[in-house]
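What follows is model35.pdb (PDB, C-alpha atoms).
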MODEL        1
ATOM      1  CA  MET A  29      -4.160 -39.276-103.775
ATOM      2  CA  LEU A  30      -6.769 -39.167-106.542
ATOM      3  CA  ASP A  31      -8.280 -42.633-106.750
ATOM      4  CA  LEU A  32     -10.502 -42.228-109.805
ATOM      5  CA  VAL A  33     -12.009 -39.689-112.189
ATOM      6  CA  ILE A  34     -15.558 -40.535-113.285
ATOM      7  CA  GLU A  35     -16.793 -38.960-116.507
ATOM      8  CA  ALA A  36     -20.543 -38.340-116.492
ATOM      9  CA  ARG A  37     -22.400 -40.236-119.197
ATOM     10  CA  LYS A  38     -25.439 -39.006-121.080
ATOM     11  CA  ALA A  39     -28.700 -40.718-120.189
ATOM     12  CA  SER A  40     -32.184 -39.896-121.450
ATOM     13  CA  ILE A  41     -35.065 -39.888-118.983
ATOM     14  CA  GLY A  42     -37.656 -38.596-121.421
ATOM     15  CA  ALA A  43     -38.174 -37.201-124.892
ATOM     16  CA  HIS A  44     -37.014 -33.742-123.828
ATOM     17  CA  LEU A  45     -34.838 -34.317-120.764
ATOM     18  CA  ASP A  46     -31.312 -35.695-120.770
ATOM     19  CA  VAL A  47     -29.142 -36.047-117.689
ATOM     20  CA  ARG A  48     -25.502 -36.535-116.859
ATOM     21  CA  ARG A  49     -25.228 -39.844-115.009
ATOM     22  CA  ILE A  50     -22.302 -40.086-112.597
ATOM     23  CA  LEU A  51     -23.070 -43.004-110.273
ATOM     24  CA  PRO A  52     -23.146 -45.968-110.401
ATOM     25  CA  PHE A  53     -19.961 -46.408-112.457
ATOM     26  CA  ARG A  54     -18.495 -49.756-113.461
ATOM     27  CA  LEU A  55     -15.246 -49.069-111.596
ATOM     28  CA  ARG A  56     -16.923 -47.384-108.623
ATOM     29  CA  ARG A  57     -20.422 -48.407-107.662
ATOM     30  CA  MET A  58     -20.660 -46.244-104.534
ATOM     31  CA  VAL A  59     -19.006 -43.396-102.628
ATOM     32  CA  GLY A  60     -19.820 -43.914 -98.977
ATOM     33  CA  PRO A  61     -23.561 -44.732 -98.981
ATOM     34  CA  PHE A  62     -24.196 -42.770-102.225
ATOM     35  CA  ILE A  63     -25.087 -45.276-104.933
ATOM     36  CA  PHE A  64     -26.634 -43.078-107.638
ATOM     37  CA  MET A  65     -26.176 -39.523-108.914
ATOM     38  CA  ASP A  66     -27.831 -37.711-111.825
ATOM     39  CA  HIS A  67     -27.358 -34.107-112.942
ATOM     40  CA  ALA A  68     -30.409 -32.893-114.895
ATOM     41  CA  GLY A  69     -30.302 -29.693-116.932
ATOM     42  CA  PRO A  70     -29.959 -26.866-117.133
ATOM     43  CA  VAL A  71     -32.931 -27.055-119.509
ATOM     44  CA  LYS A  72     -32.306 -23.925-121.570
ATOM     45  CA  ASP A  73     -34.751 -24.735-124.377
ATOM     46  CA  PRO A  74     -37.912 -26.025-122.678
ATOM     47  CA  PRO A  75     -40.401 -27.937-124.827
ATOM     48  CA  GLN A  76     -43.721 -26.365-125.788
ATOM     49  CA  THR A  77     -45.506 -28.776-123.462
ATOM     50  CA  VAL A  78     -43.733 -28.649-120.123
ATOM     51  CA  SER A  79     -45.451 -31.847-118.965
ATOM     52  CA  SER A  80     -43.382 -33.779-121.500
ATOM     53  CA  LEU A  81     -40.542 -33.514-118.954
ATOM     54  CA  ASP A  82     -42.558 -35.382-116.315
ATOM     55  CA  VAL A  83     -41.262 -38.501-114.602
ATOM     56  CA  LEU A  84     -44.335 -40.705-114.100
ATOM     57  CA  PRO A  85     -45.002 -42.692-110.920
ATOM     58  CA  HIS A  86     -42.360 -45.372-110.377
ATOM     59  CA  PRO A  87     -41.190 -47.494-107.397
ATOM     60  CA  HIS A  88     -38.189 -47.633-105.068
ATOM     61  CA  ILE A  89     -36.970 -49.919-102.294
ATOM     62  CA  GLY A  90     -33.935 -49.938 -99.988
ATOM     63  CA  LEU A  91     -32.767 -46.343-100.462
ATOM     64  CA  SER A  92     -33.403 -42.664 -99.864
ATOM     65  CA  THR A  93     -33.785 -40.300-102.806
ATOM     66  CA  VAL A  94     -32.303 -36.840-102.236
ATOM     67  CA  SER A  95     -33.417 -34.071-104.614
ATOM     68  CA  TYR A  96     -31.711 -30.661-104.734
ATOM     69  CA  LEU A  97     -32.394 -27.891-107.262
ATOM     70  CA  PHE A  98     -30.273 -25.063-108.632
ATOM     71  CA  GLY A  99     -33.137 -23.720-110.767
ATOM     72  CA  GLY A 100     -36.790 -24.319-111.629
ATOM     73  CA  GLN A 101     -39.252 -26.262-109.522
ATOM     74  CA  VAL A 102     -40.625 -29.805-109.390
ATOM     75  CA  THR A 103     -43.809 -31.224-107.845
ATOM     76  CA  HIS A 104     -43.288 -34.462-105.899
ATOM     77  CA  ARG A 105     -46.174 -36.837-105.153
ATOM     78  CA  ASP A 106     -45.824 -40.208-103.433
ATOM     79  CA  SER A 107     -47.650 -43.251-102.019
ATOM     80  CA  LEU A 108     -47.926 -41.580 -98.613
ATOM     81  CA  GLY A 109     -50.171 -38.894-100.101
ATOM     82  CA  VAL A 110     -47.438 -36.260 -99.905
ATOM     83  CA  GLU A 111     -47.579 -33.459-102.473
ATOM     84  CA  GLN A 112     -44.575 -31.138-102.253
ATOM     85  CA  ILE A 113     -43.203 -28.496-104.606
ATOM     86  CA  ILE A 114     -39.421 -28.331-104.282
ATOM     87  CA  LYS A 115     -37.630 -25.084-105.125
ATOM     88  CA  PRO A 116     -33.924 -24.166-105.324
ATOM     89  CA  GLY A 117     -32.050 -24.493-102.043
ATOM     90  CA  GLU A 118     -34.547 -26.940-100.515
ATOM     91  CA  VAL A 119     -34.040 -30.658 -99.989
ATOM     92  CA  ASN A 120     -36.598 -33.386-100.661
ATOM     93  CA  TRP A 121     -35.528 -36.494 -98.722
ATOM     94  CA  MET A 122     -37.678 -39.552 -99.409
ATOM     95  CA  THR A 123     -36.841 -42.853 -97.730
ATOM     96  CA  ALA A 124     -38.291 -45.763 -99.688
ATOM     97  CA  GLY A 125     -37.485 -48.527 -97.195
ATOM     98  CA  SER A 126     -39.837 -51.446 -97.839
ATOM     99  CA  GLY A 127     -41.353 -49.764-100.886
ATOM    100  CA  ILE A 128     -42.808 -46.512-102.182
ATOM    101  CA  ALA A 129     -43.845 -44.995-105.502
ATOM    102  CA  HIS A 130     -43.499 -41.354-106.468
ATOM    103  CA  SER A 131     -43.698 -38.998-109.422
ATOM    104  CA  GLU A 132     -41.930 -35.786-110.379
ATOM    105  CA  ARG A 133     -44.011 -33.345-112.398
ATOM    106  CA  PHE A 134     -43.092 -30.080-114.102
ATOM    107  CA  GLU A 135     -46.369 -28.203-113.874
ATOM    108  CA  ASP A 136     -45.432 -24.516-114.015
ATOM    109  CA  PRO A 137     -43.979 -23.323-117.349
ATOM    110  CA  LYS A 138     -42.682 -20.183-115.597
ATOM    111  CA  ALA A 139     -40.437 -22.382-113.457
ATOM    112  CA  LEU A 140     -38.385 -23.186-116.547
ATOM    113  CA  ALA A 141     -37.900 -19.551-117.555
ATOM    114  CA  GLY A 142     -34.688 -17.656-116.903
ATOM    115  CA  GLY A 143     -31.999 -20.087-115.804
ATOM    116  CA  GLY A 144     -34.207 -23.098-116.474
ATOM    117  CA  LEU A 145     -34.516 -26.354-114.621
ATOM    118  CA  GLU A 146     -31.341 -27.736-113.059
ATOM    119  CA  MET A 147     -31.420 -30.522-110.505
ATOM    120  CA  ILE A 148     -29.116 -32.953-108.755
ATOM    121  CA  GLN A 149     -30.579 -36.192-107.515
ATOM    122  CA  THR A 150     -28.710 -38.765-105.486
ATOM    123  CA  TRP A 151     -29.718 -42.058-103.942
ATOM    124  CA  VAL A 152     -28.390 -43.015-100.527
ATOM    125  CA  ALA A 153     -28.380 -46.754 -99.792
ATOM    126  CA  LEU A 154     -29.787 -47.789 -96.433
ATOM    127  CA  PRO A 155     -28.016 -49.925 -93.812
ATOM    128  CA  GLU A 156     -29.296 -53.507 -93.797
ATOM    129  CA  LYS A 157     -31.237 -52.919 -90.576
ATOM    130  CA  ASP A 158     -33.198 -50.086 -92.253
ATOM    131  CA  GLU A 159     -33.798 -51.568 -95.696
ATOM    132  CA  GLU A 160     -37.347 -52.622 -94.737
ATOM    133  CA  ALA A 161     -38.190 -49.510 -92.724
ATOM    134  CA  SER A 162     -41.522 -47.781 -93.256
ATOM    135  CA  PRO A 163     -41.400 -45.216 -96.087
ATOM    136  CA  SER A 164     -41.145 -41.542 -95.161
ATOM    137  CA  PHE A 165     -40.767 -38.128 -96.763
ATOM    138  CA  THR A 166     -39.466 -34.778 -95.478
ATOM    139  CA  ASN A 167     -38.944 -31.439 -97.199
ATOM    140  CA  TYR A 168     -36.217 -29.289 -95.627
ATOM    141  CA  GLN A 169     -36.298 -25.538 -96.173
ATOM    142  CA  PRO A 170     -33.145 -23.459 -96.800
ATOM    143  CA  GLY A 171     -33.291 -22.025 -93.289
ATOM    144  CA  GLN A 172     -32.827 -25.540 -91.887
ATOM    145  CA  LEU A 173     -29.593 -26.070 -93.843
ATOM    146  CA  PRO A 174     -26.581 -24.257 -92.345
ATOM    147  CA  ILE A 175     -24.432 -22.022 -94.535
ATOM    148  CA  PHE A 176     -20.767 -21.157 -94.135
ATOM    149  CA  ALA A 177     -19.229 -18.243 -96.009
ATOM    150  CA  GLU A 178     -15.897 -16.483 -95.987
ATOM    151  CA  LYS A 179     -13.819 -14.766 -98.633
ATOM    152  CA  GLY A 180     -14.147 -16.734-101.854
ATOM    153  CA  ILE A 181     -16.075 -19.651-100.304
ATOM    154  CA  TRP A 182     -19.792 -20.315 -99.859
ATOM    155  CA  MET A 183     -21.232 -23.666 -98.830
ATOM    156  CA  ARG A 184     -24.562 -25.137 -97.755
ATOM    157  CA  LEU A 185     -24.694 -28.398 -95.804
ATOM    158  CA  ILE A 186     -27.401 -30.513 -97.425
ATOM    159  CA  ALA A 187     -27.032 -33.439 -95.022
ATOM    160  CA  GLY A 188     -24.671 -35.102 -92.563
ATOM    161  CA  ASN A 189     -21.685 -33.341 -91.037
ATOM    162  CA  ALA A 190     -18.570 -31.669 -92.449
ATOM    163  CA  TYR A 191     -16.271 -28.738 -91.663
ATOM    164  CA  GLY A 192     -17.874 -28.525 -88.227
ATOM    165  CA  LEU A 193     -21.349 -28.033 -89.724
ATOM    166  CA  ASN A 194     -24.299 -30.284 -88.971
ATOM    167  CA  ASN A 195     -28.065 -30.124 -89.316
ATOM    168  CA  ASN A 196     -31.249 -32.027 -88.520
ATOM    169  CA  VAL A 197     -31.692 -33.738 -91.879
ATOM    170  CA  LYS A 198     -32.424 -37.342 -90.874
ATOM    171  CA  THR A 199     -29.859 -39.793 -92.238
ATOM    172  CA  ASN A 200     -29.400 -43.499 -91.551
ATOM    173  CA  SER A 201     -25.602 -43.748 -91.709
ATOM    174  CA  PRO A 202     -22.560 -41.428 -91.438
ATOM    175  CA  LEU A 203     -22.302 -39.194 -94.528
ATOM    176  CA  PHE A 204     -21.786 -35.663 -95.795
ATOM    177  CA  TYR A 205     -23.339 -33.774 -98.707
ATOM    178  CA  LEU A 206     -22.533 -30.149 -99.545
ATOM    179  CA  HIS A 207     -23.292 -27.526-102.191
ATOM    180  CA  VAL A 208     -20.134 -25.395-102.529
ATOM    181  CA  THR A 209     -19.245 -22.370-104.650
ATOM    182  CA  LEU A 210     -15.682 -21.096-104.990
ATOM    183  CA  GLU A 211     -14.425 -17.882-106.520
ATOM    184  CA  ALA A 212     -11.535 -18.130-108.963
ATOM    185  CA  GLY A 213      -8.234 -18.718-107.154
ATOM    186  CA  THR A 214      -9.832 -19.935-103.909
ATOM    187  CA  ARG A 215      -8.353 -23.035-102.247
ATOM    188  CA  LEU A 216     -10.323 -25.628-100.284
ATOM    189  CA  GLY A 217      -9.409 -28.850 -98.492
ATOM    190  CA  LEU A 218     -11.803 -31.788 -98.309
ATOM    191  CA  PRO A 219     -13.535 -32.594 -95.020
ATOM    192  CA  LYS A 220     -11.577 -35.079 -92.904
ATOM    193  CA  GLU A 221     -14.451 -36.629 -90.957
ATOM    194  CA  HIS A 222     -15.257 -39.364 -93.477
ATOM    195  CA  SER A 223     -13.330 -42.200 -95.105
ATOM    196  CA  GLU A 224     -14.803 -41.938 -98.632
ATOM    197  CA  ARG A 225     -14.987 -38.542-100.336
ATOM    198  CA  ALA A 226     -15.733 -37.199-103.791
ATOM    199  CA  ILE A 227     -16.211 -33.926-105.653
ATOM    200  CA  TYR A 228     -18.607 -33.494-108.566
ATOM    201  CA  ILE A 229     -18.084 -30.371-110.711
ATOM    202  CA  THR A 230     -21.345 -28.767-111.849
ATOM    203  CA  LYS A 231     -19.887 -25.454-113.078
ATOM    204  CA  GLY A 232     -16.421 -24.078-113.767
ATOM    205  CA  SER A 233     -13.147 -25.948-113.310
ATOM    206  CA  ILE A 234     -10.731 -26.829-110.522
ATOM    207  CA  GLU A 235      -7.137 -27.950-110.121
ATOM    208  CA  THR A 236      -5.599 -30.474-107.747
ATOM    209  CA  GLY A 237      -2.340 -32.388-107.823
ATOM    210  CA  GLY A 238      -1.175 -30.314-110.784
ATOM    211  CA  ASN A 239      -4.072 -31.401-113.025
ATOM    212  CA  SER A 240      -7.231 -29.614-114.133
ATOM    213  CA  TYR A 241     -10.781 -30.978-114.054
ATOM    214  CA  GLN A 242     -13.976 -29.747-115.679
ATOM    215  CA  VAL A 243     -17.775 -29.788-115.542
ATOM    216  CA  GLY A 244     -19.228 -33.285-115.561
ATOM    217  CA  GLN A 245     -16.311 -34.971-113.788
ATOM    218  CA  MET A 246     -16.377 -36.610-110.363
ATOM    219  CA  LEU A 247     -13.088 -36.886-108.470
ATOM    220  CA  VAL A 248     -12.917 -39.745-105.961
ATOM    221  CA  PHE A 249     -10.115 -39.563-103.389
ATOM    222  CA  THR A 250      -8.202 -42.298-101.628
ATOM    223  CA  LYS A 251      -8.862 -42.805 -97.941
ATOM    224  CA  GLY A 252      -6.416 -41.058 -95.630
ATOM    225  CA  VAL A 253      -5.197 -38.310 -97.975
ATOM    226  CA  ASP A 254      -5.972 -34.615 -97.554
ATOM    227  CA  PRO A 255      -6.097 -33.039-101.012
ATOM    228  CA  VAL A 256      -6.442 -29.314-101.602
ATOM    229  CA  ILE A 257      -8.361 -28.064-104.624
ATOM    230  CA  THR A 258      -8.048 -24.658-106.289
ATOM    231  CA  ALA A 259     -10.786 -23.035-108.370
ATOM    232  CA  LYS A 260      -9.338 -22.104-111.769
ATOM    233  CA  GLU A 261     -12.470 -20.020-112.378
ATOM    234  CA  ASN A 262     -15.693 -19.502-110.456
ATOM    235  CA  ALA A 263     -16.869 -23.033-109.715
ATOM    236  CA  THR A 264     -19.885 -24.848-108.275
ATOM    237  CA  LEU A 265     -19.247 -28.226-106.667
ATOM    238  CA  MET A 266     -21.128 -30.999-104.908
ATOM    239  CA  LEU A 267     -19.042 -32.645-102.176
ATOM    240  CA  LEU A 268     -20.262 -35.996-100.915
ATOM    241  CA  GLY A 269     -19.208 -39.206 -99.221
ATOM    242  CA  GLY A 270     -19.297 -41.046 -95.934
ATOM    243  CA  GLU A 271     -18.777 -44.515 -94.551
ATOM    244  CA  PRO A 272     -19.234 -47.585 -96.789
ATOM    245  CA  LEU A 273     -22.170 -49.918 -96.150
ATOM    246  CA  GLY A 274     -20.936 -53.029 -97.931
ATOM    247  CA  GLU A 275     -22.085 -54.565-101.193
ATOM    248  CA  ARG A 276     -25.378 -53.424-102.682
ATOM    249  CA  PHE A 277     -27.240 -54.658-105.734
ATOM    250  CA  ILE A 278     -29.013 -52.183-107.985
ATOM    251  CA  TRP A 279     -31.532 -52.806-110.746
ATOM    252  CA  TRP A 280     -33.726 -50.077-112.214
ATOM    253  CA  ASN A 281     -34.998 -48.144-109.155
ATOM    254  CA  PHE A 282     -34.370 -50.905-106.639
ATOM    255  CA  VAL A 283     -31.423 -51.174-104.229
ATOM    256  CA  SER A 284     -30.837 -53.991-101.754
ATOM    257  CA  SER A 285     -28.176 -56.020 -99.992
ATOM    258  CA  ARG A 286     -30.021 -59.133-101.268
ATOM    259  CA  LYS A 287     -30.607 -60.122-104.886
ATOM    260  CA  GLU A 288     -33.770 -62.017-104.007
ATOM    261  CA  ARG A 289     -35.283 -58.846-102.493
ATOM    262  CA  ILE A 290     -34.905 -57.072-105.830
ATOM    263  CA  GLU A 291     -36.649 -59.968-107.563
ATOM    264  CA  GLN A 292     -39.496 -59.624-105.076
ATOM    265  CA  ALA A 293     -39.711 -55.869-105.742
ATOM    266  CA  LYS A 294     -40.016 -56.514-109.482
ATOM    267  CA  GLU A 295     -42.956 -58.818-108.892
ATOM    268  CA  ASP A 296     -44.517 -56.422-106.363
ATOM    269  CA  TRP A 297     -44.505 -53.632-108.946
ATOM    270  CA  LYS A 298     -45.914 -55.843-111.704
ATOM    271  CA  GLN A 299     -48.707 -57.061-109.410
ATOM    272  CA  GLY A 300     -49.603 -53.598-108.099
ATOM    273  CA  ARG A 301     -48.513 -54.286-104.530
ATOM    274  CA  ILE A 302     -46.558 -51.006-104.324
ATOM    275  CA  ILE A 303     -49.207 -48.329-103.964
ATOM    276  CA  LEU A 304     -49.312 -45.491-106.489
ATOM    277  CA  PRO A 305     -49.530 -41.887-105.251
ATOM    278  CA  PRO A 306     -53.237 -41.388-104.456
ATOM    279  CA  ASN A 307     -53.185 -37.956-106.118
ATOM    280  CA  ASP A 308     -51.266 -39.199-109.194
ATOM    281  CA  ASN A 309     -52.452 -42.731-109.956
ATOM    282  CA  LYS A 310     -53.764 -42.585-113.523
ATOM    283  CA  GLU A 311     -50.495 -43.621-115.185
ATOM    284  CA  PHE A 312     -47.168 -45.162-114.212
ATOM    285  CA  ILE A 313     -43.899 -46.498-115.608
ATOM    286  CA  PRO A 314     -44.119 -50.258-116.205
ATOM    287  CA  LEU A 315     -41.336 -52.582-115.153
ATOM    288  CA  PRO A 316     -38.648 -52.523-117.869
ATOM    289  CA  GLU A 317     -37.931 -55.689-119.776
ATOM    290  CA  ASP A 318     -35.044 -57.403-117.989
ATOM    291  CA  LYS A 319     -32.424 -58.266-120.592
ATOM    292  CA  SER A 320     -29.662 -58.718-118.028
ATOM    293  CA  LYS A 321     -28.931 -61.132-115.241
ATOM    294  CA  PRO A 322     -31.140 -60.628-112.156
ATOM    295  CA  ALA A 323     -30.173 -57.523-110.184
ATOM    296  CA  GLY A 324     -27.353 -56.772-112.592
ATOM    297  CA  GLY A 325     -26.270 -53.602-114.327
ATOM    298  CA  PRO A 326     -27.050 -49.946-113.794
ATOM    299  CA  PRO A 327     -30.643 -48.701-113.648
ATOM    300  CA  PRO A 328     -32.277 -47.658-116.904
ATOM    301  CA  GLY A 329     -32.575 -43.960-117.625
ATOM    302  CA  LEU A 330     -34.827 -42.598-114.927
ATOM    303  CA  LEU A 331     -34.245 -39.501-112.879
ATOM    304  CA  SER A 332     -35.331 -41.418-109.801
TER
ENDMDL
END

Structure rendered as structure tokens:
Amino acid sequence: MLDLVIEARKASIGAHLDVRRILPFRLRRMVGPFIFMDHAGPVKDPPQTVSSLDVLPHPHIGLSTVSYLFGGQVTHRDSLGVEQIIKPGEVNWMTAGSGIAHSERFEDPKALAGGGLEMIQTWVALPEKDEEASPSFTNYQPGQLPIFAEKGIWMRLIAGNAYGLNNNVKTNSPLFYLHVTLEAGTRLGLPKEHSERAIYITKGSIETGGNSYQVGQMLVFTKGVDPVITAKENATLMLLGGEPLGERFIWWNFVSSRKERIEQAKEDWKQGRIILPPNDNKEFIPLPEDKSKPAGGPPPGLLS
């Protein structure tokens, strides 16, 4: 029934910003097309200089980054010239395809007040036919993301289809991604439309199969079973999954079905062939020193 429990690991993406890293995991590289997942914050004690949280321009290939906030706000800038502030309940969906660079800046100190910054970022691997697609970016507003609510349950469909919900968020393969809140004692079954499914607990605790699970754990379920979870207390969950794409290699911010493509991306970044954001091109993150085998190991500690 329960295939695996993944414990989030601490990763540092800056002097003042640590994240919980969930995917990739050595025993489970992907869930459906999802190949990476970070949970940043909540940042309850912001630094004196909010810009110290910034993630400088850096490259991607072969994936889509999906950013979703619970609190705070982040300014996205990319090679296409896009400048977009993302706020809670919105979705920033950036498809890197053949190559793109972007930054994430924390430019408004007020955005870290109150509940502070809290953000989930996932990477969705692209099907082989789309790995070299032209880069693109779309911001989706809350009104474009359907909500379902009944006694004890609230959910927003971020992307894909589940529980009869669907939206116009452009995806490249079958998947589902949901933000769900449950009141204590509420029961919920997982969506049955997809073969690979997982739950990540961002707040509270849940029970399934007679066992309890807490914040920072991802539960991955075996294909073909229909588990029911119960909220032991008020809980916030991210439900995600979809259909597998086959083997993918991941190194730093690069994802590909081919090792040699990742080697090319490394050289492209070193040689400046991946364009920096035109409105944020004064600094960037250099290619990390590669102390591992080519295209091996999890990406170093970057939010995206």

Report task. Please write as a ChimeraX atom specification the full residue list that the PyMOL selection byres ((chain A and resi 184) around 12) yields on this file. Result -> /A:96,117-119,169-177,181-183,185-191,193-195,204-209,264-267

Requested in this report: Would you mind telling me which residue in A:Ile303, A:Ala259, A:Leu216, A:Leu247 lies nearest to Ile234 of chain A when using all atoms listed in the file?
Outcome: A:Ala259

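The spacing separating atom CA of Val83 of chain A from atom CA of Arg301 of chain A amounts to 20.1 Å.
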
Report summary line: Correct to one decimal, the distance atom CA of Thr236 of chain A-atom CA of Pro255 of chain A is 7.2 Å

Pull out every residue that the PyMOL selection byres ((chain A and resi 159) around 8) matches in the shown coordinates and put them as a short mmCIF file (atom, residue, chain, number, x, y, z; two decimals) with C-alpha atoms, in the coordinates of the input.
data_model
loop_
_atom_site.label_atom_id
_atom_site.label_comp_id
_atom_site.auth_asym_id
_atom_site.auth_seq_id
_atom_site.Cartn_x
_atom_site.Cartn_y
_atom_site.Cartn_z
CA ILE A 89 -36.97 -49.92 -102.29
CA GLY A 90 -33.94 -49.94 -99.99
CA LEU A 91 -32.77 -46.34 -100.46
CA GLY A 125 -37.48 -48.53 -97.20
CA SER A 126 -39.84 -51.45 -97.84
CA LEU A 154 -29.79 -47.79 -96.43
CA PRO A 155 -28.02 -49.92 -93.81
CA GLU A 156 -29.30 -53.51 -93.80
CA LYS A 157 -31.24 -52.92 -90.58
CA ASP A 158 -33.20 -50.09 -92.25
CA GLU A 160 -37.35 -52.62 -94.74
CA ALA A 161 -38.19 -49.51 -92.72
CA SER A 284 -30.84 -53.99 -101.75
#

Query raised in the report: Evaluating the PyMOL selection byres ((chain A and resi 285) around 7) on the displayed file yields which residues, as a PyMOL selection string?
Result: chain A and resi 156+275-277+284+286-287

Could those residues be written to a file, using C-alpha atoms, as a short mmCIF file (atom, residue, chain, number, x, y, z; two decimals), in the coordinates of the input?
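Written out: again.cif:
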data_model
loop_
_atom_site.label_atom_id
_atom_site.label_comp_id
_atom_site.auth_asym_id
_atom_site.auth_seq_id
_atom_site.Cartn_x
_atom_site.Cartn_y
_atom_site.Cartn_z
CA GLU A 156 -29.30 -53.51 -93.80
CA GLU A 275 -22.08 -54.56 -101.19
CA ARG A 276 -25.38 -53.42 -102.68
CA PHE A 277 -27.24 -54.66 -105.73
CA SER A 284 -30.84 -53.99 -101.75
CA ARG A 286 -30.02 -59.13 -101.27
CA LYS A 287 -30.61 -60.12 -104.89
#

Query raised in the report: Which residues come within 8 Å of segment 288-290 of chain A, counting all atoms listed in the file, excluding same-chain residues fewer than 4 positions away, as a PyMOL selection string?
Result: chain A and resi 278-279+282-284+294+323

Dig up all the protein and nucleic acid residues within 7 Å of (-32.1, -35.3, -115.9) in the file frame, using all atoms listed in the file, and format them as an mmCIF file with C-alpha atoms, keeping the file's coordinate frame.
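Saved file part21.cif follows:
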data_model
loop_
_atom_site.group_PDB
_atom_site.id
_atom_site.type_symbol
_atom_site.label_atom_id
_atom_site.label_comp_id
_atom_site.auth_asym_id
_atom_site.auth_seq_id
_atom_site.Cartn_x
_atom_site.Cartn_y
_atom_site.Cartn_z
ATOM 1 C CA ILE A 41 -35.065 -39.888 -118.983
ATOM 2 C CA LEU A 45 -34.838 -34.317 -120.764
ATOM 3 C CA ASP A 46 -31.312 -35.695 -120.770
ATOM 4 C CA VAL A 47 -29.142 -36.047 -117.689
ATOM 5 C CA ARG A 48 -25.502 -36.535 -116.859
ATOM 6 C CA ASP A 66 -27.831 -37.711 -111.825
ATOM 7 C CA HIS A 67 -27.358 -34.107 -112.942
ATOM 8 C CA ALA A 68 -30.409 -32.893 -114.895
ATOM 9 C CA GLY A 69 -30.302 -29.693 -116.932
ATOM 10 C CA LEU A 331 -34.245 -39.501 -112.879
#

**Report entry** Residue nearest Gln292 of chain A among A:Phe64, A:Ala39, A:Gly127, A:His104 (counting all atoms listed in the file)
**Finding:** A:Gly127

**Report entry** Selection near segment 249-254 of chain A, 12 Å with only C-alpha atoms, sequence-local residues under 4 positions removed, as a PyMOL selection string
**Finding:** chain A and resi 29-34+56+59-60+216-228+236-237+267-272

Selection from above, C-alpha atoms, as a PDB file, keeping the file's coordinate frame, can you write it?
ATOM      1  CA  MET A  29      -4.160 -39.276-103.775  1.00  0.00           C
ATOM      2  CA  LEU A  30      -6.769 -39.167-106.542  1.00  0.00           C
ATOM      3  CA  ASP A  31      -8.280 -42.633-106.750  1.00  0.00           C
ATOM      4  CA  LEU A  32     -10.502 -42.228-109.805  1.00  0.00           C
ATOM      5  CA  VAL A  33     -12.009 -39.689-112.189  1.00  0.00           C
ATOM      6  CA  ILE A  34     -15.558 -40.535-113.285  1.00  0.00           C
ATOM      7  CA  ARG A  56     -16.923 -47.384-108.623  1.00  0.00           C
ATOM      8  CA  VAL A  59     -19.006 -43.396-102.628  1.00  0.00           C
ATOM      9  CA  GLY A  60     -19.820 -43.914 -98.977  1.00  0.00           C
ATOM     10  CA  LEU A 216     -10.323 -25.628-100.284  1.00  0.00           C
ATOM     11  CA  GLY A 217      -9.409 -28.850 -98.492  1.00  0.00           C
ATOM     12  CA  LEU A 218     -11.803 -31.788 -98.309  1.00  0.00           C
ATOM     13  CA  PRO A 219     -13.535 -32.594 -95.020  1.00  0.00           C
ATOM     14  CA  LYS A 220     -11.577 -35.079 -92.904  1.00  0.00           C
ATOM     15  CA  GLU A 221     -14.451 -36.629 -90.957  1.00  0.00           C
ATOM     16  CA  HIS A 222     -15.257 -39.364 -93.477  1.00  0.00           C
ATOM     17  CA  SER A 223     -13.330 -42.200 -95.105  1.00  0.00           C
ATOM     18  CA  GLU A 224     -14.803 -41.938 -98.632  1.00  0.00           C
ATOM     19  CA  ARG A 225     -14.987 -38.542-100.336  1.00  0.00           C
ATOM     20  CA  ALA A 226     -15.733 -37.199-103.791  1.00  0.00           C
ATOM     21  CA  ILE A 227     -16.211 -33.926-105.653  1.00  0.00           C
ATOM     22  CA  TYR A 228     -18.607 -33.494-108.566  1.00  0.00           C
ATOM     23  CA  THR A 236      -5.599 -30.474-107.747  1.00  0.00           C
ATOM     24  CA  GLY A 237      -2.340 -32.388-107.823  1.00  0.00           C
ATOM     25  CA  LEU A 267     -19.042 -32.645-102.176  1.00  0.00           C
ATOM     26  CA  LEU A 268     -20.262 -35.996-100.915  1.00  0.00           C
ATOM     27  CA  GLY A 269     -19.208 -39.206 -99.221  1.00  0.00           C
ATOM     28  CA  GLY A 270     -19.297 -41.046 -95.934  1.00  0.00           C
ATOM     29  CA  GLU A 271     -18.777 -44.515 -94.551  1.00  0.00           C
ATOM     30  CA  PRO A 272     -19.234 -47.585 -96.789  1.00  0.00           C
TER      31      PRO A 272
END

Query raised in the report: So how many Å separate atom CA of Val94 of chain A and atom CA of Asp308 of chain A, to one decimal?
Result: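 Atom CA of Val94 of chain A sits 20.3 Å away from atom CA of Asp308 of chain A.
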
Each side padded by 5 Å, which centre and which edge lengths in Å (one decimal) define the axis-aligned box around the listed atoms of segment 124-140 of chain A? Give them as lines of an AutoDock Vina configuration file.
center_x = -41.9
center_y = -35.8
center_z = -107.3
size_x = 18.9
size_y = 41.3
size_z = 30.2

8 Å contact set for Leu304 of chain A, all atoms listed in the file, chain neighbours under 2 positions out, as a PDB file with C-alpha atoms, in the coordinates of the input:
ATOM      1  CA  PRO A  85     -45.002 -42.692-110.920  1.00  0.00           C
ATOM      2  CA  HIS A  86     -42.360 -45.372-110.377  1.00  0.00           C
ATOM      3  CA  ASP A 106     -45.824 -40.208-103.433  1.00  0.00           C
ATOM      4  CA  SER A 107     -47.650 -43.251-102.019  1.00  0.00           C
ATOM      5  CA  ILE A 128     -42.808 -46.512-102.182  1.00  0.00           C
ATOM      6  CA  ALA A 129     -43.845 -44.995-105.502  1.00  0.00           C
ATOM      7  CA  HIS A 130     -43.499 -41.354-106.468  1.00  0.00           C
ATOM      8  CA  ILE A 302     -46.558 -51.006-104.324  1.00  0.00           C
ATOM      9  CA  PRO A 306     -53.237 -41.388-104.456  1.00  0.00           C
ATOM     10  CA  ASP A 308     -51.266 -39.199-109.194  1.00  0.00           C
ATOM     11  CA  ASN A 309     -52.452 -42.731-109.956  1.00  0.00           C
TER      12      ASN A 309
END
